[in-house]
Amino acid sequence: MLNSLYPAARSLLFRIDPERAHDLSMAGLRHSEKCGLLKIISAKSPQKKISICGLEFPNPVGLAAGLDKEANTIDALGSLGFGHIEVGTLTPVAQAGNESPRLFRLPEHKALINRMGFNNPGIEQGIRNTRSSKSFRGILGINIGKNKVTPNELANDDYAYAFEKAYPHADYITANFSSPNTPGLRDLQSEDSAARLLETLKKLQSKLHRESGRHVPFALKVAPDLDETQVKGLSRVFQNGGLDFLIATNTTLARDAVAGHPNADEAGGLSGMPLQRHATDIIAQFHSVLGRDIPIIGAGGIFSAEDALAKKAAGASLIQIYTGFIYRGPSLIHEIIRAW
Ligand SMILES: Cc1cc2nc3c(=O)[nH]c(=O)nc-3n(C[C@H](O)[C@H](O)[C@H](O)COP(=O)(O)O)c2cc1C
């Protein structure tokens, strides 16, 4: 029923400011979940279990980071059928993010541009919010980042701090070092910086595993704006450093596909359809080096089952959606699971 209601809801939501539409939808979802309505109107998603890194995902479709930045809508989103939900990005200290407007639609291109800038309640509040999730039975990923005011030389301290806080509460952790909206963040994708970050988190993971007896795998999330040399260099770093898995990709800085659109020159990351082919290509490039040793979660412009299967063919073990979910609604989740 929800699937058939979504197009009408979307046409109303697309008439208001994108960030306000986001906030209203999230509040609406939480409310519908609390009063039991969501369970009644949402279709049950089929199971299609996939195991990677010792985790059993109930199905291949996840919610990409950035939609539930506060980690306070997990149960409602879970009711829609996601097999995994990645909350955040959460930083050590709460921050407001960039000034509004900071989210733009490009409906003619089935795309969004955002420069949110890690607006989030901070890792501790984020974790408290995850604790109030009661019904979600899927896999919970916690995506962490560094605060804007933290210089890159101290970035690893931010990641380590957030990692340690997230560890007891996450099924997996993602270190996001590829957002284009925190100045200098993508510089951390240089081979040297990536190797240092990976080493820091790997050591911390071993220590926390020893202390708690629980192994929590972690991913790094990469940008699509990497050339072949960078992909090869990073792949070596990931292999040498023993990365558990990879998320590819974040949003792009490229604008060629949307040139001429009134919002094309807004600063920020472009997501959705214009990112699709390039993200798939980056996944294929990483997969050709990493093989099955370092599984990949694929994201970027998935709007249909065919798009998801193209990511699978490129080497993705699972996929995540964000922009396609905004444009297509929850029916996209079920469509992909059935076809996978
Ligand atoms: C509004 C918006 C906010 C986002 N915020 C984050 C974020 O906080 N952390 C992150 O790792 N990715 C973030 N992303 C990137 C998505 O998780 C995803 O990697 C990207 O949008 C590509 O997938 P898509 O084309 O399905 O949207 C954001 C994307 C959008 C559209």
# chains A, B, ... in the order shown; residues from 1 in each chain; ligands from 1
$ residues_near_ligand --ligand "ligand 1" --cutoff "7 Å" --atoms "only C-alpha atoms and all ligand atoms" --output "PyMOL selection string"
chain A and resi 64-67+69+88-89+103+112-114+116+118+143+176+179+221+249-251+271-273+275-276+299-302+320-324
$ write_last_selection --atoms "C-alpha atoms" --output "PDB file, in the first residue's frame"
ATOM      1  CA  ALA A  64      23.318   4.809   2.384  1.00  0.00           C
ATOM      2  CA  ALA A  65      24.707   7.189   4.985  1.00  0.00           C
ATOM      3  CA  GLY A  66      23.430  10.730   5.212  1.00  0.00           C
ATOM      4  CA  LEU A  67      19.673  10.161   5.242  1.00  0.00           C
ATOM      5  CA  LYS A  69      22.252  11.479  10.117  1.00  0.00           C
ATOM      6  CA  GLY A  88      25.593   9.183  10.292  1.00  0.00           C
ATOM      7  CA  THR A  89      28.009  10.604   9.367  1.00  0.00           C
ATOM      8  CA  LEU A 103      20.374  20.604  -0.596  1.00  0.00           C
ATOM      9  CA  LEU A 112      20.568  15.845  -5.959  1.00  0.00           C
ATOM     10  CA  ILE A 113      23.382  18.181  -5.025  1.00  0.00           C
ATOM     11  CA  ASN A 114      24.166  18.505  -1.337  1.00  0.00           C
ATOM     12  CA  MET A 116      25.195  19.530   4.118  1.00  0.00           C
ATOM     13  CA  PHE A 118      28.140  16.708   8.385  1.00  0.00           C
ATOM     14  CA  ASN A 143      29.356   6.005   9.685  1.00  0.00           C
ATOM     15  CA  ASN A 176      33.942   8.312   5.657  1.00  0.00           C
ATOM     16  CA  SER A 179      32.722  13.680   1.616  1.00  0.00           C
ATOM     17  CA  LYS A 221      34.065   4.893   1.952  1.00  0.00           C
ATOM     18  CA  THR A 249      31.018   5.485  -3.881  1.00  0.00           C
ATOM     19  CA  ASN A 250      30.251   8.796  -2.260  1.00  0.00           C
ATOM     20  CA  THR A 251      28.943  11.780  -4.274  1.00  0.00           C
ATOM     21  CA  SER A 271      24.325  12.068  -6.456  1.00  0.00           C
ATOM     22  CA  GLY A 272      21.786  10.020  -8.360  1.00  0.00           C
ATOM     23  CA  MET A 273      21.512   9.087 -12.026  1.00  0.00           C
ATOM     24  CA  LEU A 275      26.738   9.346 -10.952  1.00  0.00           C
ATOM     25  CA  GLN A 276      25.536   5.880 -11.890  1.00  0.00           C
ATOM     26  CA  ALA A 299      26.340   2.880  -4.213  1.00  0.00           C
ATOM     27  CA  GLY A 300      25.681   5.601  -6.727  1.00  0.00           C
ATOM     28  CA  GLY A 301      22.661   6.224  -8.901  1.00  0.00           C
ATOM     29  CA  ILE A 302      20.701   3.019  -8.351  1.00  0.00           C
ATOM     30  CA  GLN A 320      23.092   0.994  -0.873  1.00  0.00           C
ATOM     31  CA  ILE A 321      20.612   3.579  -2.086  1.00  0.00           C
ATOM     32  CA  TYR A 322      19.919   7.191  -1.225  1.00  0.00           C
ATOM     33  CA  THR A 323      18.891   9.402  -4.161  1.00  0.00           C
ATOM     34  CA  GLY A 324      17.027   6.588  -5.935  1.00  0.00           C
TER      35      GLY A 324
END
$ residues_around --residues "region 130-141 of chain A" --least-positions-apart "2" --cutoff "6 Å" --atoms "only C-alpha atoms" --output "list in words"
Ala71, Asp75, Gly78, Gly83, His84, Ile85, Glu86, Ile127, Arg128, Ala170, Asp171, Tyr172 and Ile173 of chain A
$ residues_around --residues "region 9-11 of chain A" --least-positions-apart "5" --cutoff "12 Å" --atoms "only C-alpha atoms" --output "ChimeraX atom specification"
/A:2-4,16,18,21-22,24-25,28,107,325-330
$ write_last_selection --atoms "N, CA and C atoms" --output "short mmCIF file (atom, residue, chain, number, x, y, z; two decimals), in the first residue's frame"
data_model
loop_
_atom_site.label_atom_id
_atom_site.label_comp_id
_atom_site.auth_asym_id
_atom_site.auth_seq_id
_atom_site.Cartn_x
_atom_site.Cartn_y
_atom_site.Cartn_z
N LEU A 2 1.93 1.22 0.86
CA LEU A 2 2.83 2.37 0.94
C LEU A 2 3.47 2.64 -0.43
N ASN A 3 3.80 1.53 -1.11
CA ASN A 3 4.44 1.68 -2.42
C ASN A 3 3.55 2.46 -3.39
N SER A 4 2.23 2.22 -3.30
CA SER A 4 1.35 2.93 -4.24
C SER A 4 1.06 4.35 -3.75
N ILE A 16 8.07 21.46 -1.87
CA ILE A 16 8.63 22.28 -0.79
C ILE A 16 10.15 22.15 -0.76
N PRO A 18 13.81 21.19 -0.27
CA PRO A 18 14.27 19.80 -0.11
C PRO A 18 14.64 19.41 1.33
N ALA A 21 11.47 19.08 3.27
CA ALA A 21 10.77 17.85 2.85
C ALA A 21 11.41 16.64 3.52
N HIS A 22 12.73 16.65 3.60
CA HIS A 22 13.46 15.56 4.27
C HIS A 22 13.04 15.47 5.73
N LEU A 24 10.40 16.65 7.24
CA LEU A 24 8.98 16.26 7.39
C LEU A 24 8.80 14.77 7.15
N SER A 25 9.48 14.25 6.12
CA SER A 25 9.33 12.81 5.81
C SER A 25 9.85 11.96 6.95
N GLY A 28 7.47 12.11 9.76
CA GLY A 28 6.27 11.34 9.38
C GLY A 28 6.53 9.84 9.52
N PRO A 107 15.52 17.43 -10.73
CA PRO A 107 14.60 16.34 -11.10
C PRO A 107 14.77 15.89 -12.55
N PHE A 325 16.15 6.19 -3.72
CA PHE A 325 15.10 5.98 -2.72
C PHE A 325 14.21 7.23 -2.60
N ILE A 326 14.84 8.40 -2.69
CA ILE A 326 14.06 9.65 -2.62
C ILE A 326 13.13 9.75 -3.83
N TYR A 327 13.66 9.41 -5.01
CA TYR A 327 12.86 9.54 -6.23
C TYR A 327 11.85 8.41 -6.41
N ARG A 328 12.22 7.20 -6.01
CA ARG A 328 11.36 6.04 -6.30
C ARG A 328 10.56 5.54 -5.09
N GLY A 329 11.04 5.84 -3.87
CA GLY A 329 10.32 5.37 -2.69
C GLY A 329 10.64 3.93 -2.36
N PRO A 330 9.93 3.36 -1.35
CA PRO A 330 10.29 2.03 -0.83
C PRO A 330 10.11 0.89 -1.82
#
$ atom_distance --atom1 "CA of Pro60 (chain A)" --atom2 "CA of Leu318 (chain A)"
4.7 Å
$ closest_residue --among "A:Ala96, A:Val61, A:Ile40, A:Val289" --to "Ser79 (chain A)" --atoms "only C-alpha atoms"
A:Ile40
$ select_by_dssp --residues "region 75-123 of chain A" --states "helix (DSSP H, G or I)" --output "PyMOL selection string"
chain A and resi 75-79+107-109+123
$ closest_residue --among "A:Asp244, A:Glu199, A:Asp225, A:Glu108" --to "Pro262 (chain A)" --atoms "only C-alpha atoms"
A:Glu108
$ residues_around --residues "Ile41 (chain A)" --least-positions-apart "3" --cutoff "12 Å" --atoms "only C-alpha atoms" --output "PyMOL selection string"
chain A and resi 1-6+29+32-33+35-38+44+76+79-80+330
$ residues_around --residues "region 230-238 of chain A" --least-positions-apart "5" --cutoff "9 Å" --atoms "only C-alpha atoms" --output "ChimeraX atom specification"
/A:189-192,194-195,198,243-246,282,285-286,289-290,294
$ write_last_selection --atoms "C-alpha atoms" --output "tab-separated table (two decimals), in the first residue's frame"
chain	number	residue	atom	x	y	z
A	189	GLN	CA	42.46	9.56	0.42
A	190	SER	CA	46.13	10.04	-0.52
A	191	GLU	CA	47.98	6.72	-0.16
A	192	ASP	CA	50.02	7.88	2.85
A	194	ALA	CA	44.83	6.37	3.92
A	195	ALA	CA	47.51	3.93	5.13
A	198	LEU	CA	43.77	2.29	8.19
A	243	LEU	CA	40.74	-3.48	5.26
A	244	ASP	CA	37.57	-5.48	5.94
A	245	PHE	CA	35.42	-3.99	3.19
A	246	LEU	CA	34.92	-0.99	0.99
A	282	ILE	CA	34.98	2.66	-10.00
A	285	GLN	CA	38.20	-1.05	-11.05
A	286	PHE	CA	38.51	-1.73	-7.31
A	289	VAL	CA	42.33	-5.65	-7.93
A	290	LEU	CA	40.67	-6.61	-4.65
A	294	ILE	CA	37.83	-7.14	0.26
$ closest_residue --among "A:His109, A:Lys202, A:Lys311, A:Arg15" --to "Pro274 (chain A)" --atoms "only C-alpha atoms"
A:His109
$ select_by_dssp --residues "region 158-292 of chain A" --states "strand (DSSP E or B)" --output "list in words"
Tyr172, Ile173, Thr174, Ala175, Asn176, Phe218, Ala219, Leu220, Lys221, Val222, Phe245, Leu246, Ile247, Ala248, Thr252, Gly269, Leu270, Ser271 and Gly272 of chain A
$ atom_distance --atom1 "CA of Ile319 (chain A)" --atom2 "CA of Gly298 (chain A)"
4.6 Å
$ closest_residue --among "A:Ile337, A:Pro121, A:Ala94, A:Ser304" --to "Val149 (chain A)" --atoms "only C-alpha atoms"
A:Ala94
$ closest_residue --among "A:Ser45, A:Thr150, A:Ser100, A:Ser178" --to "Arg115 (chain A)" --atoms "only C-alpha atoms"
A:Ser100
$ decode --residues "region 65-76 of chain A" --atoms "N, CA and C atoms" --output "JSON list (two decimals), in the first residue's frame"
[["chain", "number", "residue", "atom", "x", "y", "z"],
["A", 65, "ALA", "N", 24.55, 6.19, 3.93],
["A", 65, "ALA", "CA", 24.71, 7.19, 4.98],
["A", 65, "ALA", "C", 24.23, 8.55, 4.52],
["A", 66, "GLY", "N", 23.79, 9.35, 5.49],
["A", 66, "GLY", "CA", 23.43, 10.73, 5.21],
["A", 66, "GLY", "C", 21.94, 10.99, 5.26],
["A", 67, "LEU", "N", 21.12, 9.94, 5.16],
["A", 67, "LEU", "CA", 19.67, 10.16, 5.24],
["A", 67, "LEU", "C", 19.26, 10.21, 6.71],
["A", 68, "ASP", "N", 19.74, 9.23, 7.49],
["A", 68, "ASP", "CA", 19.45, 9.23, 8.92],
["A", 68, "ASP", "C", 20.72, 9.68, 9.66],
["A", 69, "LYS", "N", 21.01, 10.96, 9.53],
["A", 69, "LYS", "CA", 22.25, 11.48, 10.12],
["A", 69, "LYS", "C", 22.21, 11.43, 11.64],
["A", 70, "GLU", "N", 20.99, 11.51, 12.20],
["A", 70, "GLU", "CA", 20.88, 11.55, 13.67],
["A", 70, "GLU", "C", 20.68, 10.17, 14.27],
["A", 71, "ALA", "N", 20.52, 9.17, 13.43],
["A", 71, "ALA", "CA", 20.31, 7.79, 13.90],
["A", 71, "ALA", "C", 19.06, 7.66, 14.75],
["A", 72, "ASN", "N", 18.03, 8.44, 14.39],
["A", 72, "ASN", "CA", 16.81, 8.38, 15.21],
["A", 72, "ASN", "C", 15.58, 7.87, 14.45],
["A", 73, "THR", "N", 15.83, 7.28, 13.25],
["A", 73, "THR", "CA", 14.68, 6.82, 12.46],
["A", 73, "THR", "C", 14.90, 5.37, 12.01],
["A", 74, "ILE", "N", 15.72, 4.65, 12.75],
["A", 74, "ILE", "CA", 16.15, 3.31, 12.34],
["A", 74, "ILE", "C", 14.97, 2.33, 12.21],
["A", 75, "ASP", "N", 14.11, 2.30, 13.21],
["A", 75, "ASP", "CA", 13.02, 1.32, 13.18],
["A", 75, "ASP", "C", 12.07, 1.59, 12.02],
["A", 76, "ALA", "N", 11.76, 2.87, 11.80],
["A", 76, "ALA", "CA", 10.84, 3.21, 10.72],
["A", 76, "ALA", "C", 11.45, 2.85, 9.37]]
